[in-house]
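**Student:** One file is attached below, my_file.json, containing JSON, C-alpha atoms.
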```
[["chain", "number", "residue", "atom", "x", "y", "z"],
["A", 21, "MET", "CA", 0.00, 0.00, 0.00],
["A", 22, "ASN", "CA", 1.46, 3.38, -0.96],
["A", 23, "TYR", "CA", 1.84, 6.04, 1.68],
["A", 24, "ASN", "CA", -0.82, 8.58, 0.77],
["A", 25, "ILE", "CA", -0.60, 12.11, 2.20],
["A", 26, "ASN", "CA", -4.38, 12.36, 1.94],
["A", 27, "LYS", "CA", -4.66, 9.36, 4.25],
["A", 28, "ILE", "CA", -1.61, 9.57, 6.44],
["A", 29, "TYR", "CA", -2.76, 7.04, 9.00],
["A", 30, "ASP", "CA", -2.28, 3.42, 7.92],
["A", 31, "THR", "CA", -4.07, 0.93, 10.16],
["A", 32, "GLU", "CA", -1.82, -1.91, 8.98],
["A", 33, "ILE", "CA", 1.36, -0.58, 10.60],
["A", 34, "PRO", "CA", 2.27, 0.29, 14.22],
["A", 35, "LYS", "CA", 1.06, 3.65, 15.52],
["A", 36, "ILE", "CA", 4.59, 4.82, 16.22],
["A", 37, "LEU", "CA", 5.59, 4.07, 12.63],
["A", 38, "ASN", "CA", 2.71, 6.25, 11.42],
["A", 39, "LYS", "CA", 3.99, 9.05, 13.64],
["A", 40, "PHE", "CA", 7.52, 8.63, 12.32],
["A", 41, "LEU", "CA", 6.36, 8.77, 8.69],
["A", 42, "ASN", "CA", 4.34, 11.90, 9.43],
["A", 43, "TYR", "CA", 7.44, 13.43, 11.01],
["A", 44, "LEU", "CA", 9.49, 12.66, 7.89],
["A", 45, "PHE", "CA", 6.90, 14.30, 5.67],
["A", 46, "ALA", "CA", 5.87, 17.32, 7.73],
["A", 47, "ILE", "CA", 9.12, 18.24, 9.48],
["A", 48, "GLU", "CA", 11.96, 16.85, 7.37],
["A", 49, "GLY", "CA", 10.19, 17.41, 4.05],
["A", 50, "LYS", "CA", 10.96, 13.96, 2.67],
["A", 51, "SER", "CA", 9.43, 13.00, -0.66],
["A", 52, "ILE", "CA", 6.65, 10.43, -0.94],
["A", 53, "ASN", "CA", 9.04, 7.98, -2.60],
["A", 54, "THR", "CA", 11.49, 8.34, 0.29],
["A", 55, "ILE", "CA", 8.71, 7.86, 2.84],
["A", 56, "ASN", "CA", 7.54, 4.75, 1.02],
["A", 57, "GLY", "CA", 11.08, 3.41, 1.26],
["A", 58, "TYR", "CA", 11.18, 3.94, 5.03],
["A", 59, "LYS", "CA", 7.77, 2.36, 5.40],
["A", 60, "SER", "CA", 8.76, -0.71, 3.41],
["A", 61, "ASP", "CA", 12.06, -1.19, 5.27],
["A", 62, "LEU", "CA", 10.59, -0.76, 8.74],
["A", 63, "SER", "CA", 7.50, -2.86, 8.03],
["A", 64, "LEU", "CA", 9.78, -5.71, 7.01],
["A", 65, "PHE", "CA", 11.82, -5.20, 10.18],
["A", 66, "PHE", "CA", 8.74, -5.40, 12.40],
["A", 67, "LYS", "CA", 7.56, -8.57, 10.65],
["A", 68, "PHE", "CA", 10.96, -10.10, 11.31],
["A", 69, "ILE", "CA", 10.76, -9.03, 14.97],
["A", 70, "LYS", "CA", 7.36, -10.73, 15.34],
["A", 71, "ILE", "CA", 8.98, -14.04, 14.38],
["A", 72, "TYR", "CA", 12.43, -13.58, 15.90],
["A", 73, "LYS", "CA", 11.51, -11.95, 19.20],
["A", 74, "VAL", "CA", 7.84, -12.73, 19.79],
["A", 75, "GLY", "CA", 8.07, -16.28, 18.45],
["A", 76, "ILE", "CA", 4.99, -16.50, 16.24],
["A", 77, "THR", "CA", 4.89, -19.63, 14.12],
["A", 78, "GLN", "CA", 4.84, -18.32, 10.54],
["A", 79, "ASN", "CA", 7.61, -19.46, 8.24],
["A", 80, "ILE", "CA", 10.09, -16.59, 7.99],
["A", 81, "ILE", "CA", 10.72, -17.25, 4.30],
["A", 82, "THR", "CA", 7.34, -18.11, 2.79],
["A", 83, "GLU", "CA", 4.82, -16.42, 5.08],
["A", 84, "LEU", "CA", 6.48, -13.14, 6.01],
["A", 85, "ASP", "CA", 3.98, -11.04, 4.07],
["A", 86, "LYS", "CA", 1.08, -12.53, 6.07],
["A", 87, "ILE", "CA", 2.38, -11.29, 9.41],
["A", 88, "LYS", "CA", 0.38, -8.45, 10.97],
["A", 89, "ILE", "CA", 2.38, -5.72, 12.68],
["A", 90, "ASN", "CA", -0.26, -3.19, 13.73],
["A", 91, "ASP", "CA", -0.33, -4.70, 17.22],
["A", 92, "ILE", "CA", 3.33, -3.94, 17.93],
["A", 93, "ASN", "CA", 3.37, -1.71, 20.98],
["A", 94, "GLU", "CA", 5.76, 0.45, 22.96],
["A", 95, "ASP", "CA", 6.74, -2.35, 25.34],
["A", 96, "LEU", "CA", 7.99, -4.57, 22.52],
["A", 97, "ILE", "CA", 9.90, -1.73, 20.89],
["A", 98, "LYS", "CA", 11.65, -0.95, 24.18],
["A", 99, "GLU", "CA", 12.90, -4.55, 24.29],
["A", 100, "ILE", "CA", 14.68, -4.32, 20.94],
["A", 101, "GLU", "CA", 18.45, -4.55, 21.29],
["A", 102, "LEU", "CA", 21.48, -4.29, 19.02],
["A", 103, "ASP", "CA", 21.59, -8.08, 18.68],
["A", 104, "ASP", "CA", 18.07, -8.02, 17.23],
["A", 105, "LEU", "CA", 19.13, -5.48, 14.62],
["A", 106, "ILE", "CA", 22.18, -7.53, 13.68],
["A", 107, "ALA", "CA", 19.98, -10.62, 13.38],
["A", 108, "PHE", "CA", 17.70, -8.71, 11.00],
["A", 109, "ILE", "CA", 20.60, -7.60, 8.79],
["A", 110, "THR", "CA", 21.91, -11.18, 8.77],
["A", 111, "PHE", "CA", 18.45, -12.40, 7.75],
["A", 112, "LEU", "CA", 18.44, -9.90, 4.88],
["A", 113, "GLU", "CA", 21.75, -11.19, 3.60],
["A", 114, "ILE", "CA", 21.22, -14.93, 4.00],
["A", 115, "ASP", "CA", 17.47, -15.43, 3.55],
["A", 116, "ARG", "CA", 16.53, -12.44, 1.38],
["A", 117, "ASN", "CA", 19.77, -12.26, -0.63],
["A", 118, "ASN", "CA", 19.93, -8.48, -0.18],
["A", 119, "SER", "CA", 22.97, -6.77, -1.67],
["A", 120, "ASN", "CA", 25.27, -4.57, 0.40],
["A", 121, "TYR", "CA", 23.47, -1.52, -0.98],
["A", 122, "ALA", "CA", 20.03, -2.86, -0.06],
["A", 123, "ARG", "CA", 21.17, -3.75, 3.46],
["A", 124, "ALA", "CA", 22.89, -0.38, 3.86],
["A", 125, "ARG", "CA", 19.62, 1.36, 3.03],
["A", 126, "LYS", "CA", 17.78, -0.64, 5.68],
["A", 127, "VAL", "CA", 20.48, 0.12, 8.24],
["A", 128, "ALA", "CA", 19.97, 3.82, 7.46],
["A", 129, "SER", "CA", 16.20, 3.41, 7.91],
["A", 130, "LEU", "CA", 16.68, 1.70, 11.28],
["A", 131, "LYS", "CA", 19.08, 4.39, 12.47],
["A", 132, "SER", "CA", 16.68, 7.19, 11.50],
["A", 133, "PHE", "CA", 13.75, 5.45, 13.17],
["A", 134, "PHE", "CA", 15.48, 4.71, 16.48],
["A", 135, "LYS", "CA", 17.03, 8.17, 16.57],
["A", 136, "TYR", "CA", 13.50, 9.54, 16.23],
["A", 137, "LEU", "CA", 12.28, 7.28, 19.06],
["A", 138, "LYS", "CA", 15.03, 8.53, 21.36],
["A", 139, "CYS", "CA", 15.34, 12.20, 20.45],
["A", 140, "LYS", "CA", 11.84, 13.18, 19.26],
["A", 141, "ALA", "CA", 9.29, 10.68, 20.56],
["A", 142, "LYS", "CA", 11.22, 10.21, 23.84],
["A", 143, "MET", "CA", 10.11, 6.57, 23.84],
["A", 144, "ILE", "CA", 13.51, 5.01, 24.53],
["A", 145, "ASN", "CA", 16.47, 6.08, 26.63],
["A", 146, "GLU", "CA", 19.11, 4.20, 24.64],
["A", 147, "ASP", "CA", 19.33, 3.90, 20.87],
["A", 148, "PRO", "CA", 20.17, 0.27, 19.95],
["A", 149, "SER", "CA", 21.16, 1.30, 16.42],
["A", 150, "GLU", "CA", 23.98, 3.64, 17.45],
["A", 151, "GLU", "CA", 26.56, 0.86, 17.25],
["A", 152, "LEU", "CA", 24.99, -0.80, 14.20],
["A", 153, "GLU", "CA", 27.50, -0.66, 11.36],
["A", 154, "SER", "CA", 26.51, -0.35, 7.74],
["A", 155, "PRO", "CA", 27.74, -2.95, 5.23],
["A", 156, "LYS", "CA", 30.86, -1.88, 3.39],
["A", 157, "LEU", "CA", 30.00, -0.49, -0.02],
["A", 158, "ILE", "CA", 32.22, -0.93, -3.03],
["A", 159, "LYS", "CA", 32.67, 2.38, -4.80],
["A", 160, "ARG", "CA", 30.92, 2.26, -8.16],
["A", 161, "ASN", "CA", 31.74, 4.61, -10.99],
["A", 162, "PRO", "CA", 28.66, 5.99, -12.76],
["A", 163, "ILE", "CA", 27.61, 4.43, -16.05],
["A", 164, "TYR", "CA", 27.41, 7.09, -18.73],
["A", 165, "LEU", "CA", 27.47, 7.70, -22.47],
["A", 166, "THR", "CA", 30.58, 9.11, -24.07],
["A", 167, "LEU", "CA", 30.31, 12.35, -26.03],
["A", 168, "ASP", "CA", 30.24, 10.39, -29.31],
["A", 169, "GLU", "CA", 27.58, 7.99, -27.98],
["A", 170, "SER", "CA", 25.48, 10.95, -26.81],
["A", 171, "ARG", "CA", 25.56, 12.39, -30.31],
["A", 172, "ARG", "CA", 24.60, 9.01, -31.79],
["A", 173, "LEU", "CA", 21.63, 8.87, -29.43],
["A", 174, "LEU", "CA", 20.41, 12.32, -30.49],
["A", 175, "GLN", "CA", 20.83, 11.42, -34.17],
["A", 176, "ALA", "CA", 18.71, 8.29, -33.69],
["A", 177, "ILE", "CA", 15.58, 10.22, -32.68],
["A", 178, "ASP", "CA", 12.80, 10.22, -35.26],
["A", 179, "GLY", "CA", 9.11, 9.40, -35.67],
["A", 180, "LYS", "CA", 5.89, 11.29, -35.03],
["A", 181, "ASN", "CA", 7.03, 12.52, -31.61],
["A", 182, "LYS", "CA", 10.58, 13.37, -32.62],
["A", 183, "GLU", "CA", 10.42, 17.03, -31.54],
["A", 184, "ARG", "CA", 9.15, 16.10, -28.08],
["A", 185, "ASP", "CA", 11.51, 13.15, -27.70],
["A", 186, "TYR", "CA", 14.51, 15.17, -28.90],
["A", 187, "CYS", "CA", 13.70, 17.90, -26.37],
["A", 188, "ILE", "CA", 13.36, 15.36, -23.54],
["A", 189, "ILE", "CA", 16.68, 13.66, -24.27],
["A", 190, "MET", "CA", 18.41, 17.00, -24.83],
["A", 191, "PHE", "CA", 17.20, 18.11, -21.39],
["A", 192, "PHE", "CA", 18.51, 14.90, -19.83],
["A", 193, "LEU", "CA", 21.91, 15.16, -21.51],
["A", 194, "ASN", "CA", 22.44, 18.86, -20.87],
["A", 195, "CYS", "CA", 20.69, 19.57, -17.58],
["A", 196, "GLY", "CA", 21.14, 16.37, -15.59],
["A", 197, "LEU", "CA", 17.48, 16.19, -14.63],
["A", 198, "ARG", "CA", 16.02, 13.34, -12.62],
["A", 199, "LEU", "CA", 13.26, 11.39, -14.36],
["A", 200, "SER", "CA", 10.60, 12.62, -11.91],
["A", 201, "GLU", "CA", 11.77, 16.21, -12.32],
["A", 202, "LEU", "CA", 11.48, 16.05, -16.09],
["A", 203, "CYS", "CA", 7.99, 14.51, -16.08],
["A", 204, "ASN", "CA", 6.74, 17.12, -13.62],
["A", 205, "ILE", "CA", 7.92, 20.22, -15.52],
["A", 206, "ASN", "CA", 5.08, 22.69, -16.05],
["A", 207, "ILE", "CA", 4.95, 25.14, -18.94],
["A", 208, "ASN", "CA", 4.61, 28.12, -16.59],
["A", 209, "GLU", "CA", 7.87, 27.17, -14.85],
["A", 210, "ILE", "CA", 9.92, 28.01, -17.96],
["A", 211, "ASN", "CA", 11.32, 31.51, -18.35],
["A", 212, "TYR", "CA", 13.17, 31.42, -21.67],
["A", 213, "ASP", "CA", 16.60, 30.13, -20.56],
["A", 214, "THR", "CA", 15.68, 28.89, -17.07],
["A", 215, "LEU", "CA", 13.17, 26.48, -15.62],
["A", 216, "THR", "CA", 12.20, 25.58, -12.08],
["A", 217, "VAL", "CA", 11.99, 21.98, -10.93],
["A", 218, "ILE", "CA", 11.00, 20.34, -7.66],
["A", 219, "GLY", "CA", 13.64, 17.82, -6.66],
["A", 220, "LYS", "CA", 14.10, 15.37, -3.82],
["A", 221, "GLY", "CA", 12.62, 16.47, -0.52],
["A", 222, "ASN", "CA", 10.33, 18.89, -2.41],
["A", 223, "LYS", "CA", 13.29, 21.24, -2.80],
["A", 224, "GLU", "CA", 13.04, 23.79, -5.58],
["A", 225, "ARG", "CA", 16.01, 24.54, -7.82],
["A", 226, "THR", "CA", 16.69, 26.49, -11.00],
["A", 227, "ILE", "CA", 17.84, 24.73, -14.15],
["A", 228, "TYR", "CA", 19.73, 26.78, -16.74],
["A", 229, "LEU", "CA", 19.03, 26.00, -20.38],
["A", 230, "ASN", "CA", 21.84, 26.25, -22.93],
["A", 231, "LYS", "CA", 21.40, 27.05, -26.62],
["A", 232, "ALA", "CA", 20.81, 23.42, -27.59],
["A", 233, "CYS", "CA", 18.03, 23.05, -25.01],
["A", 234, "ILE", "CA", 16.40, 26.34, -25.98],
["A", 235, "SER", "CA", 16.47, 25.35, -29.66],
["A", 236, "ALA", "CA", 14.97, 21.92, -28.91],
["A", 237, "LEU", "CA", 12.28, 23.53, -26.76],
["A", 238, "GLU", "CA", 11.41, 26.09, -29.44],
["A", 239, "ASN", "CA", 10.99, 23.29, -31.98],
["A", 240, "TYR", "CA", 8.74, 21.30, -29.65],
["A", 241, "LEU", "CA", 6.44, 24.03, -28.29],
["A", 242, "PRO", "CA", 4.51, 24.60, -31.57],
["A", 243, "ILE", "CA", 3.78, 20.85, -31.66],
["A", 244, "ARG", "CA", 2.59, 20.99, -28.05],
["A", 245, "ASP", "CA", 0.39, 24.01, -28.80],
["A", 246, "LYS", "CA", -1.51, 22.01, -31.44],
["A", 247, "ILE", "CA", -2.55, 19.25, -29.03],
["A", 248, "ILE", "CA", -2.73, 20.88, -25.61],
["A", 249, "ASP", "CA", -6.39, 21.90, -26.01],
["A", 250, "MET", "CA", -7.26, 18.19, -26.12],
["A", 251, "ALA", "CA", -5.58, 17.51, -22.77],
["A", 252, "PRO", "CA", -7.69, 17.16, -19.60],
["A", 253, "PRO", "CA", -7.59, 20.32, -17.44],
["A", 254, "GLU", "CA", -5.39, 18.66, -14.82],
["A", 255, "HIS", "CA", -2.76, 17.92, -17.50],
["A", 256, "SER", "CA", -2.94, 21.17, -19.47],
["A", 257, "ASN", "CA", 0.01, 22.75, -17.66],
["A", 258, "ALA", "CA", 2.40, 19.86, -18.34],
["A", 259, "LEU", "CA", 5.33, 20.63, -20.62],
["A", 260, "PHE", "CA", 5.69, 17.15, -22.06],
["A", 261, "ILE", "CA", 2.45, 15.61, -23.32],
["A", 262, "SER", "CA", 1.95, 11.95, -24.18],
["A", 263, "SER", "CA", 0.14, 10.54, -27.21],
["A", 264, "LYS", "CA", -2.88, 10.16, -24.90],
["A", 265, "LYS", "CA", -2.87, 13.95, -24.42],
["A", 266, "MET", "CA", -1.82, 13.64, -20.78],
["A", 267, "ARG", "CA", 1.31, 14.52, -18.82],
["A", 268, "ILE", "CA", 3.94, 12.06, -19.95],
["A", 269, "SER", "CA", 4.60, 9.31, -17.43],
["A", 270, "ALA", "CA", 7.94, 8.11, -16.11],
["A", 271, "ARG", "CA", 7.31, 4.69, -17.64],
["A", 272, "ALA", "CA", 6.65, 6.21, -21.07],
["A", 273, "VAL", "CA", 9.90, 8.18, -20.89],
["A", 274, "GLU", "CA", 11.81, 5.05, -19.85],
["A", 275, "ARG", "CA", 10.42, 3.11, -22.82],
["A", 276, "MET", "CA", 11.19, 5.97, -25.18],
["A", 277, "VAL", "CA", 14.80, 6.25, -23.99],
["A", 278, "LYS", "CA", 15.31, 2.48, -24.30],
["A", 279, "LYS", "CA", 13.93, 2.58, -27.86],
["A", 280, "TYR", "CA", 16.39, 5.22, -29.03],
["A", 281, "ILE", "CA", 19.29, 3.69, -27.10],
["A", 282, "GLU", "CA", 18.73, 0.49, -29.05],
["A", 283, "LYS", "CA", 18.25, 2.36, -32.33],
["A", 284, "ALA", "CA", 21.60, 4.11, -31.76],
["A", 285, "GLY", "CA", 23.28, 0.71, -31.53],
["A", 286, "LEU", "CA", 23.86, 0.94, -27.78],
["A", 287, "ASP", "CA", 22.99, -1.49, -24.99],
["A", 288, "LYS", "CA", 19.38, -0.83, -23.94],
["A", 289, "ASN", "CA", 19.86, -2.90, -20.79],
["A", 290, "LYS", "CA", 22.78, -0.74, -19.70],
["A", 291, "TYR", "CA", 21.33, 2.74, -20.16],
["A", 292, "SER", "CA", 18.26, 4.43, -18.69],
["A", 293, "PRO", "CA", 17.05, 8.00, -18.05],
["A", 294, "HIS", "CA", 19.11, 8.02, -14.85],
["A", 295, "LYS", "CA", 22.20, 7.03, -16.84],
["A", 296, "LEU", "CA", 21.54, 10.07, -19.04],
["A", 297, "ARG", "CA", 21.66, 12.15, -15.86],
["A", 298, "HIS", "CA", 25.02, 10.51, -15.12],
["A", 299, "THR", "CA", 26.08, 11.40, -18.65],
["A", 300, "ALA", "CA", 25.20, 15.07, -18.24],
["A", 301, "ALA", "CA", 27.10, 15.29, -14.96],
["A", 302, "THR", "CA", 30.16, 13.50, -16.33],
["A", 303, "LEU", "CA", 30.29, 15.60, -19.51],
["A", 304, "MET", "CA", 29.94, 18.82, -17.52],
["A", 305, "TYR", "CA", 32.73, 17.75, -15.18],
["A", 306, "LYS", "CA", 35.07, 16.53, -17.93],
["A", 307, "HIS", "CA", 34.45, 19.16, -20.60],
["A", 308, "GLY", "CA", 32.80, 22.09, -18.86],
["A", 309, "ASN", "CA", 35.44, 23.04, -16.30],
["A", 310, "VAL", "CA", 32.82, 22.69, -13.55],
["A", 311, "ASP", "CA", 34.02, 22.34, -9.97],
["A", 312, "ILE", "CA", 32.48, 19.75, -7.68],
["A", 313, "ARG", "CA", 30.49, 22.27, -5.60],
["A", 314, "SER", "CA", 28.88, 23.83, -8.67],
["A", 315, "LEU", "CA", 28.05, 20.36, -9.97],
["A", 316, "GLN", "CA", 26.43, 19.56, -6.63],
["A", 317, "VAL", "CA", 24.11, 22.56, -7.01],
["A", 318, "LEU", "CA", 23.32, 21.78, -10.66],
["A", 319, "LEU", "CA", 22.33, 18.21, -9.81],
["A", 320, "GLY", "CA", 20.42, 19.07, -6.66],
["A", 321, "HIS", "CA", 22.48, 16.82, -4.40],
["A", 322, "GLU", "CA", 22.03, 17.42, -0.69],
["A", 323, "ASN", "CA", 25.54, 16.19, 0.13],
["A", 324, "VAL", "CA", 28.68, 16.76, -1.92],
["A", 325, "SER", "CA", 29.70, 13.17, -1.16],
["A", 326, "THR", "CA", 26.96, 12.06, -3.58],
["A", 327, "THR", "CA", 28.51, 14.21, -6.30],
["A", 328, "GLN", "CA", 32.00, 12.81, -5.73],
["A", 329, "ILE", "CA", 31.29, 9.82, -7.99],
["A", 330, "TYR", "CA", 31.62, 12.13, -10.99],
["A", 331, "THR", "CA", 35.25, 12.91, -10.20],
["A", 332, "HIS", "CA", 36.22, 9.42, -11.36],
["A", 333, "VAL", "CA", 39.09, 9.14, -13.82],
["A", 334, "ASP", "CA", 38.03, 7.45, -17.06],
["A", 335, "ASP", "CA", 39.98, 4.71, -18.81],
["A", 336, "GLU", "CA", 41.42, 7.09, -21.41],
["A", 337, "LYS", "CA", 43.00, 9.24, -18.72],
["A", 338, "LEU", "CA", 44.39, 6.17, -16.98],
["A", 339, "ARG", "CA", 45.89, 4.89, -20.24],
["A", 340, "GLU", "CA", 47.33, 8.32, -20.99],
["A", 341, "ALA", "CA", 48.84, 8.58, -17.52],
["A", 342, "VAL", "CA", 50.60, 5.24, -17.94],
["A", 343, "SER", "CA", 51.89, 6.12, -21.41],
["A", 344, "LEU", "CA", 53.34, 9.41, -20.12],
["A", 345, "ASN", "CA", 55.37, 7.68, -17.45],
["A", 346, "PRO", "CA", 59.01, 8.68, -18.16],
["A", 347, "LEU", "CA", 60.00, 5.01, -18.03],
["A", 348, "SER", "CA", 57.44, 3.97, -20.64],
["A", 349, "SER", "CA", 60.01, 4.02, -23.48],
["A", 350, "GLU", "CA", 62.79, 2.25, -21.62]]
```
Output the file's structure as structure tokens, nothing else.
**Tutor:**
Amino acid sequence: MNYNINKIYDTEIPKILNKFLNYLFAIEGKSINTINGYKSDLSLFFKFIKIYKVGITQNIITELDKIKINDINEDLIKEIELDDLIAFITFLEIDRNNSNYARARKVASLKSFFKYLKCKAKMINEDPSEELESPKLIKRNPIYLTLDESRRLLQAIDGKNKERDYCIIMFFLNCGLRLSELCNININEINYDTLTVIGKGNKERTIYLNKACISALENYLPIRDKIIDMAPPEHSNALFISSKKMRISARAVERMVKKYIEKAGLDKNKYSPHKLRHTAATLMYKHGNVDIRSLQVLLGHENVSTTQIYTHVDDEKLREAVSLNPLSSE
């Protein structure tokens, strides 16, 4: 069940979890997707606790989804210890085959929840998650298109929606937009060479459009003007309109990107709209003389550590560095 801000009390989860999710939304300004992630992680944790600590008889592998957790109370939560958290993380690795990244996310969810219980709800005196370590993560370089591959992708765009599709992909490759940000752009948020988007945590930021983006937009807008009167009122402000005369969906954009990736002779299983965001960031960093702090602002990252992945050295630079070694000709 999705966490719905119009119905913020879910009878299927513990009361304190409802309060925590409300806190994330109202005070910390977390997005609905983020709140859904916390809800999923912590609901799974409480189901595990019902078996591990309470001792109910359901099979932990096959019947986990059937376990009810709305009866978990304050007394049970106060009994949770570090060993219980470690047992849960072990269960995720062995029985659920969670990757290090998936387990690290759940550790972060547990830490946020128990910190809330101690510091905000004042339910517990000691936080059992303080000493809970996160799984070690292997640093992954972003997957991105090269400059030549980016040009091939743009050249592959054709068909009845080519002006719209070209504009969408140009925005991805030049602005580093998230998929949700692109789909939610409204026509009134564009002011010639700038547009306003709402990013993670409902944070507003300004996107600057270069000449290529402005040109692509100017070619698309007359097409949009011809069909926008057929759109339902609630979709009439959307910049990008689907063939059904509605705001284009994330799934439709994903399919469209995959189609052109394949048409350009690239691996459709390797690249996605998010990889186009990686591409924009990497190209700006490599060719645009952009420092890491400016790139952080452009991408809407809360922490600069998230942006650090774009400072990776590509294979060409590594090969060049080796070839320039003064001993290379010995």
**Student:** Provide the CA of Asn309 (chain A) to CA of Tyr212 (chain A) distance in Å, to one decimal place.
**Tutor:**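 Straight-line distance from CA of Asn309 (chain A) to CA of Tyr212 (chain A) works out to 24.4 Å.
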**Student:** Using CA of Ile89 (chain A) and CA of Phe66 (chain A) as the two end points, give the distance in Å to one decimal.
**Tutor:**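 About the pair CA of Ile89 (chain A) and CA of Phe66 (chain A): they are 6.4 Å apart.
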**Student:** So how far away is CA of Leu112 (chain A) from CA of Lys138 (chain A), in Å?
**Tutor:**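 Those two atoms sit 25.0 Å apart.
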**Student:** In terms of the shortest atom-to-atom distance over only C-alpha atoms, which of A:Asn257, A:Asn206, A:Asn222, A:Thr166 is closest to Tyr291 (chain A)?
**Tutor:** A:Thr166
**Student:** Which residue gives the smallest distance to Tyr43 (chain A) among A:Leu64, A:Ala141, A:Ile97, A:Ala124, with all atoms listed in the file counted?
**Tutor:** A:Ala141
**Student:** Using all atoms listed in the file, can you tell me which of A:Met250, A:Ile36, A:Leu237, A:Leu167 comes closest to Asn93 (chain A)?
**Tutor:** A:Ile36
**Student:** Out of A:Asn90, A:Asp85, A:Leu44, A:Ile188, which residue has the shortest atom-to-atom distance to Lys140 (chain A) when counting only C-alpha atoms?
**Tutor:** A:Leu44
**Student:** Set the distance at 12 Å and use all atoms listed in the file: which residues neighbour Ser235 (chain A) once local chain neighbours fewer than 4 positions away are removed? I'd like the list as an MDAnalysis selection string.
**Tutor:** chainID A and resid 183:184 186:187 190:191 212:213 229:231 239:241
